[in-house]
Amino acid sequence: MAQKKPDLSIEFCGKTYKNPFLLSSSPVSNSAEMVERAFDAGWGGVVFKTLGSDRLRIDHPSPRMNSSNYGSRRLVSVQNVEQTTDRPLKDNLMELLYLNKHYPDSQTVHSIMGFADKEWEYLARMSEDHGADMLELNFSCPNMTIEGSGHDAGKSFYDLEHYTSIVKRAVSIPVMAKMTPNITDMTETAMAAKNGGADAISAINTVSGISGIDLDSFIPLPNVFGHGASSGTSGPGMKPIGLRFISDMAKDPDLNLPLSGMGGIETWIDALEYLLVGASTLQVTTGIMHYGYVIVQDMIEGLTDYMASKGIGKLSDLVGGTLPKLGKTDLFDLDRQGVVEYDLDRCIGCGQCVNVCTDAGGQALEWKSETRRPELTEDKCLSCMLCSFVCPISGLIKYKAMPEGWKRRETAVRDPSLEKELKYEPYVHDGSDGCLV
């Protein structure tokens with residue numbers, strides 16, 4: 001009998017998504033024409049670029065983006081200086097009605113941002129009246145400069161709870177609060193949104209950053225006619241931050257809300273990692289900027305093949321799978337140690353492993369010029385794995401656990417003459433400096 005194809009659909013706040021992949025509220029979801037192309041490519045839903053009232057005119061700076069590259073790797077991160085939509089509210093609402101009519105199986109989430117109580121209420125009601133399946137409250141845009149808007153509101157417990165409660169009283173559809181990562185503890189701000197009635201949390205929005213500086217003019221990039229600014233940064237470089245914040249919230253028993261995760265998702269592996277740390281739906285921006293909407297087809301195929309290979313029938317069975325094994329560093333078993341292991345038959349003799357081990361590791365490698373190969377002293381290896389990170393041959397250097405009771409060599413002063421020159425005299429505090437003893 002043929003194996004049943006894994007089910008990628010997911011329920012999120014009472015709504016069923018045919019797959020977990022959504023366009024995030026960003027430049028990739030700015031019009032019905034764009035979203036239509038995405039839905040035709042296979043995306044499960046959209047969080048439409050943030051709607052605002054027509055009271056505030058939005059003009060985007062030019063240029064509006066800058067890419068951070070690393071070597072030959074393009075778009076490691078992207079810095080943008082965009083704000084909310086610059087299109088009239090009526091035009092956006094009419095296009096959202098069109099999407100609901102022609103794509104009833106794809107979920108449409110309206111992102112909204114107000115600047116006062118009545119605006120939040122008005123935008124929420126207009127969105128519900130025009131077919132929104134859900135609302136995402138933008139408490140997190142780092143590029144807004146109006147007091148009490150964007151991530152300024154997302155850092156205020158009062159604003160988070162207050163504006164969320166206003167929206168919740170105004171509509172009957174689910175409400176999701178989008179969190180800023182430009183804080184220390186996201187569980188606290190998420191709890192403020194929950195106290196206001198939020199049904200779900202989405203994270204992370206872009207991280208405030210500076211992607212580069214023009215070394216001739218000294219102007220930060222993007223250079224907007226002689227001026228730069230710290231602004232929202234997204235892309236693969238942000239994924240560790242996103243995974244950390246999603247897992248923090250997923251592990252908080254008091255929060256206990258469904259999570260929509262984003263930040264550096266480009267591959268099915270990125271998507272799977274977000275699911276495993278507790279996200280149920282996944283939002284993408286920079287991956288689309290790099291590869292286009294068709295990226296979703298690779299993510300769907302990869303995730304489907306992975307689930308089939310593991311015998312996992314439902315996507316929901318993956319959500320939070322990592323959390324029982326995720327704790328703090330004090331849970332580590334420090335009695336067990338290991339070393340690196342080399343497949344020298346595949347070594348090309350570049351010597352980079354010796355360089356990093358000598359200058360940033362345990363000085364456990366010695367270069368053998370006659371064979372042009374490294375030689376490892378196991379009991380000096382720190383198992384830092386730096387050599388494996390810089391090795392150009394994938395899988396050549398691996399971690400090897402050592403038997404219980406194995407100990408690495410204790411570090412000591414190499415030159416015995418230094419021991420005579422260095423004398424340790426413990427400091428005794430007598431209180432003469434006025435500080436308490």
# chains A, B, ... in the order shown; residues from 1 in each chain; ligands from 1

call {"tool": "residues_around", "arguments": {"residues": "range 37-47 of chain A", "least_positions_apart": "4", "cutoff": "7 Å", "atoms": "only C-alpha atoms", "output": "PyMOL selection string"}}
result
chain A and resi 17-25+33+106-111+293-294+296-297

call {"tool": "write_last_selection", "arguments": {"atoms": "C-alpha atoms", "output": "PDB file, in the first residue's frame"}}
result
ATOM      1  CA  TYR A  17      -3.956  26.991   6.654  1.00  0.00           C
ATOM      2  CA  LYS A  18      -3.236  24.596   3.784  1.00  0.00           C
ATOM      3  CA  ASN A  19       0.449  24.923   4.658  1.00  0.00           C
ATOM      4  CA  PRO A  20       2.301  26.981   7.275  1.00  0.00           C
ATOM      5  CA  PHE A  21       3.989  29.376   4.820  1.00  0.00           C
ATOM      6  CA  LEU A  22       2.870  33.004   4.788  1.00  0.00           C
ATOM      7  CA  LEU A  23       4.137  36.198   3.232  1.00  0.00           C
ATOM      8  CA  SER A  24       5.075  38.516   6.078  1.00  0.00           C
ATOM      9  CA  SER A  25       3.863  42.089   6.364  1.00  0.00           C
ATOM     10  CA  GLU A  33      -1.118  41.644  -7.724  1.00  0.00           C
ATOM     11  CA  SER A 106      -5.699  31.057   1.307  1.00  0.00           C
ATOM     12  CA  GLN A 107      -5.782  32.942   4.603  1.00  0.00           C
ATOM     13  CA  THR A 108      -5.587  36.737   4.523  1.00  0.00           C
ATOM     14  CA  VAL A 109      -4.276  38.453   7.645  1.00  0.00           C
ATOM     15  CA  HIS A 110      -4.461  42.253   7.844  1.00  0.00           C
ATOM     16  CA  SER A 111      -1.555  43.973   9.567  1.00  0.00           C
ATOM     17  CA  TYR A 293       7.804  33.522  -4.477  1.00  0.00           C
ATOM     18  CA  VAL A 294       8.782  30.166  -6.017  1.00  0.00           C
ATOM     19  CA  VAL A 296       7.801  28.131  -1.264  1.00  0.00           C
ATOM     20  CA  GLN A 297       7.744  25.153  -3.621  1.00  0.00           C
TER      21      GLN A 297
END

call {"tool": "residues_around", "arguments": {"residues": "Lys368 in chain A", "least_positions_apart": "6", "cutoff": "12 Å", "atoms": "only C-alpha atoms", "output": "list in words"}}
result
Gly349, Cys350, Gly351, Val354, Pro374, Glu375 and Leu376 of chain A

call {"tool": "write_last_selection", "arguments": {"atoms": "N, CA and C atoms", "output": "mmCIF file, in the first residue's frame"}}
result
data_model
loop_
_atom_site.group_PDB
_atom_site.id
_atom_site.type_symbol
_atom_site.label_atom_id
_atom_site.label_comp_id
_atom_site.auth_asym_id
_atom_site.auth_seq_id
_atom_site.Cartn_x
_atom_site.Cartn_y
_atom_site.Cartn_z
ATOM 1 N N GLY A 349 44.988 19.571 2.507
ATOM 2 C CA GLY A 349 46.238 20.149 2.979
ATOM 3 C C GLY A 349 46.289 21.663 2.976
ATOM 4 N N CYS A 350 45.151 22.320 3.202
ATOM 5 C CA CYS A 350 45.149 23.787 3.192
ATOM 6 C C CYS A 350 45.740 24.372 4.479
ATOM 7 N N GLY A 351 45.661 23.629 5.594
ATOM 8 C CA GLY A 351 46.248 24.065 6.854
ATOM 9 C C GLY A 351 45.429 25.060 7.648
ATOM 10 N N VAL A 354 44.808 24.160 11.341
ATOM 11 C CA VAL A 354 45.939 24.388 12.243
ATOM 12 C C VAL A 354 45.997 25.854 12.653
ATOM 13 N N PRO A 374 47.421 17.729 9.164
ATOM 14 C CA PRO A 374 47.466 18.051 10.591
ATOM 15 C C PRO A 374 47.552 16.777 11.417
ATOM 16 N N GLU A 375 48.190 16.892 12.563
ATOM 17 C CA GLU A 375 48.237 15.765 13.506
ATOM 18 C C GLU A 375 47.650 16.245 14.827
ATOM 19 N N LEU A 376 46.651 15.509 15.334
ATOM 20 C CA LEU A 376 45.910 15.917 16.529
ATOM 21 C C LEU A 376 46.484 15.291 17.786
#

call {"tool": "select_by_dssp", "arguments": {"residues": "range 140-325 of chain A", "states": "strand (DSSP E)", "output": "compact mmCIF listing (two decimals) with N, CA and C atoms, in the first residue's frame"}}
result
# COMPACT_ATOMS: atom_id res chain seq x y z
N VAL A 175 -6.92 38.01 16.95
CA VAL A 175 -5.97 39.12 16.98
C VAL A 175 -4.60 38.60 17.39
N MET A 176 -3.58 38.93 16.57
CA MET A 176 -2.21 38.50 16.83
C MET A 176 -1.34 39.74 17.00
N ALA A 177 -0.50 39.76 18.03
CA ALA A 177 0.39 40.89 18.29
C ALA A 177 1.79 40.56 17.79
N LYS A 178 2.39 41.47 17.01
CA LYS A 178 3.72 41.25 16.45
C LYS A 178 4.75 41.94 17.31
N ALA A 200 -2.78 35.35 19.72
CA ALA A 200 -1.55 34.75 19.23
C ALA A 200 -0.46 35.81 19.21
N ILE A 201 0.78 35.34 19.06
CA ILE A 201 1.94 36.23 19.00
C ILE A 201 2.74 35.91 17.74
N SER A 202 3.21 36.94 17.06
CA SER A 202 4.13 36.73 15.93
C SER A 202 5.46 37.42 16.23
N ALA A 203 6.54 36.79 15.78
CA ALA A 203 7.89 37.33 16.05
C ALA A 203 8.86 36.57 15.14
N VAL A 207 15.47 43.50 13.22
CA VAL A 207 16.37 43.91 14.28
C VAL A 207 17.01 45.24 13.88
N SER A 208 17.02 46.21 14.78
CA SER A 208 17.66 47.49 14.47
C SER A 208 19.15 47.27 14.22
N GLY A 209 19.64 47.77 13.10
CA GLY A 209 21.04 47.55 12.79
C GLY A 209 21.55 48.51 11.73
N SER A 231 18.24 50.99 11.27
CA SER A 231 16.86 50.63 10.89
C SER A 231 16.74 49.11 10.80
N GLY A 232 15.58 48.67 10.34
CA GLY A 232 15.25 47.25 10.40
C GLY A 232 16.12 46.38 9.53
N THR A 233 16.68 45.31 10.13
CA THR A 233 17.56 44.38 9.44
C THR A 233 16.98 42.98 9.50
N SER A 234 16.93 42.31 8.34
CA SER A 234 16.32 40.98 8.26
C SER A 234 17.25 40.05 7.51
N LEU A 259 2.05 30.61 18.17
CA LEU A 259 3.11 31.51 17.71
C LEU A 259 3.29 31.42 16.20
N SER A 260 3.49 32.58 15.59
CA SER A 260 3.84 32.66 14.18
C SER A 260 5.28 33.14 14.10
N GLY A 261 6.16 32.32 13.53
CA GLY A 261 7.59 32.60 13.59
C GLY A 261 8.14 33.13 12.29
N MET A 262 9.14 34.01 12.41
CA MET A 262 9.81 34.55 11.22
C MET A 262 11.19 35.05 11.63
N THR A 281 2.81 28.71 12.43
CA THR A 281 2.87 29.25 11.07
C THR A 281 4.19 29.99 10.90
N LEU A 282 4.58 30.19 9.64
CA LEU A 282 5.91 30.73 9.33
C LEU A 282 5.78 31.86 8.32
N GLN A 283 6.43 32.97 8.60
CA GLN A 283 6.36 34.13 7.71
C GLN A 283 7.73 34.40 7.09
N VAL A 284 7.72 34.83 5.83
CA VAL A 284 8.97 34.98 5.07
C VAL A 284 8.99 36.33 4.36

call {"tool": "residues_around", "arguments": {"residues": "Leu97 in chain A", "least_positions_apart": "2", "cutoff": "12 Å", "atoms": "only C-alpha atoms", "output": "PDB file with C-alpha atoms, in the first residue's frame"}}
result
ATOM      1  CA  SER A  31      -0.485  44.697  -3.341  1.00  0.00           C
ATOM      2  CA  ALA A  32      -3.082  42.203  -4.509  1.00  0.00           C
ATOM      3  CA  LYS A  90      -9.372  52.319   0.359  1.00  0.00           C
ATOM      4  CA  ASP A  91      -7.171  50.840  -2.382  1.00  0.00           C
ATOM      5  CA  ASN A  92      -5.686  48.293   0.003  1.00  0.00           C
ATOM      6  CA  LEU A  93      -9.082  47.255   1.380  1.00  0.00           C
ATOM      7  CA  MET A  94     -10.564  46.801  -2.104  1.00  0.00           C
ATOM      8  CA  GLU A  95      -7.619  44.626  -3.111  1.00  0.00           C
ATOM      9  CA  LEU A  99      -8.056  38.299  -2.721  1.00  0.00           C
ATOM     10  CA  ASN A 100     -10.729  36.904  -0.376  1.00  0.00           C
ATOM     11  CA  LYS A 101     -13.106  36.371  -3.291  1.00  0.00           C
ATOM     12  CA  HIS A 102     -10.648  34.718  -5.666  1.00  0.00           C
ATOM     13  CA  TYR A 103      -8.515  32.788  -3.151  1.00  0.00           C
ATOM     14  CA  PRO A 104     -10.939  31.528  -0.477  1.00  0.00           C
ATOM     15  CA  THR A 108      -5.587  36.737   4.523  1.00  0.00           C
ATOM     16  CA  VAL A 109      -4.276  38.453   7.645  1.00  0.00           C
ATOM     17  CA  HIS A 110      -4.461  42.253   7.844  1.00  0.00           C
ATOM     18  CA  MET A 126     -12.595  48.221   8.515  1.00  0.00           C
ATOM     19  CA  SER A 127     -10.371  45.158   8.179  1.00  0.00           C
ATOM     20  CA  GLU A 128     -12.996  42.823   9.589  1.00  0.00           C
ATOM     21  CA  ASP A 129     -15.689  44.376   7.360  1.00  0.00           C
ATOM     22  CA  HIS A 130     -13.453  43.738   4.323  1.00  0.00           C
ATOM     23  CA  GLY A 131     -12.950  40.055   4.986  1.00  0.00           C
ATOM     24  CA  ALA A 132      -9.833  39.784   7.151  1.00  0.00           C
ATOM     25  CA  ASP A 133      -9.415  36.269   8.527  1.00  0.00           C
TER      26      ASP A 133
END

call {"tool": "closest_residue", "arguments": {"among": "A:Cys381, A:Leu275, A:Leu257, A:Ile166", "to": "Glu119 in chain A", "atoms": "only C-alpha atoms"}}
result
A:Ile166

call {"tool": "atom_distance", "arguments": {"atom1": "CA of Thr84 in chain A", "atom2": "CA of Asp152 in chain A"}}
result
14.6 Å

call {"tool": "select_by_dssp", "arguments": {"residues": "range 215-353 of chain A", "states": "helix (DSSP H, G or I)", "output": "JSON, numbers by chain"}}
result
{"A": [236, 237, 238, 239, 240, 241, 242, 243, 244, 245, 246, 247, 248, 249, 250, 268, 269, 270, 271, 272, 273, 274, 275, 276, 286, 287, 288, 289, 290, 291, 295, 296, 297, 298, 299, 300, 301, 302, 303, 304, 305, 306, 307, 308, 309, 310, 315, 316, 317, 323, 324, 325, 329, 330, 331, 344, 345, 346, 352, 353]}

call {"tool": "residues_around", "arguments": {"residues": "range 236-247 of chain A", "least_positions_apart": "6", "cutoff": "6 Å", "atoms": "only C-alpha atoms", "output": "PDB file with C-alpha atoms, in the first residue's frame"}}
result
ATOM      1  CA  VAL A  76      23.280  37.595   4.441  1.00  0.00           C
ATOM      2  CA  SER A  77      21.065  40.365   5.757  1.00  0.00           C
ATOM      3  CA  ILE A 204      10.345  38.551  15.169  1.00  0.00           C
ATOM      4  CA  GLY A 263      13.390  35.714  10.843  1.00  0.00           C
ATOM      5  CA  GLY A 264      15.810  34.334   8.251  1.00  0.00           C
ATOM      6  CA  VAL A 277      10.952  25.477  18.678  1.00  0.00           C
TER       7      VAL A 277
END

call {"tool": "residues_around", "arguments": {"residues": "Val28 in chain A", "least_positions_apart": "4", "cutoff": "8 Å", "atoms": "only C-alpha atoms", "output": "ChimeraX atom specification"}}
result
/A:23-24,34-35,49,285,288-289

call {"tool": "closest_residue", "arguments": {"among": "A:Asp379, A:Glu11, A:Asp305, A:Asp248", "to": "Met402 in chain A", "atoms": "only C-alpha atoms"}}
result
A:Asp379

call {"tool": "atom_distance", "arguments": {"atom1": "CA of Gly196 in chain A", "atom2": "CA of Ser26 in chain A"}}
result
25.0 Å

call {"tool": "closest_residue", "arguments": {"among": "A:Ala364, A:Ile219, A:Leu255, A:Val167", "to": "Ala192 in chain A", "atoms": "only C-alpha atoms"}}
result
A:Leu255

call {"tool": "residues_around", "arguments": {"residues": "Cys141 in chain A", "least_positions_apart": "5", "cutoff": "8 Å", "atoms": "only C-alpha atoms", "output": "PyMOL selection string"}}
result
chain A and resi 83+150-151+180+205-206+232

call {"tool": "write_last_selection", "arguments": {"atoms": "C-alpha atoms", "output": "PDB file, in the first residue's frame"}}
result
ATOM      1  CA  GLN A  83       7.594  52.200   7.024  1.00  0.00           C
ATOM      2  CA  GLY A 150       6.039  50.896  15.877  1.00  0.00           C
ATOM      3  CA  HIS A 151       8.539  49.299  18.211  1.00  0.00           C
ATOM      4  CA  THR A 180       9.865  43.656  18.447  1.00  0.00           C
ATOM      5  CA  ASN A 205      10.147  41.834  13.325  1.00  0.00           C
ATOM      6  CA  THR A 206      13.398  43.267  12.003  1.00  0.00           C
ATOM      7  CA  GLY A 232      15.249  47.254  10.399  1.00  0.00           C
TER       8      GLY A 232
END

call {"tool": "closest_residue", "arguments": {"among": "A:Gly235, A:Gly52, A:Pro324, A:Gly313", "to": "Gly278 in chain A", "atoms": "only C-alpha atoms"}}
result
A:Pro324

call {"tool": "closest_residue", "arguments": {"among": "A:Tyr98, A:Tyr122, A:Tyr291, A:Tyr70", "to": "Ser53 in chain A", "atoms": "only C-alpha atoms"}}
result
A:Tyr122
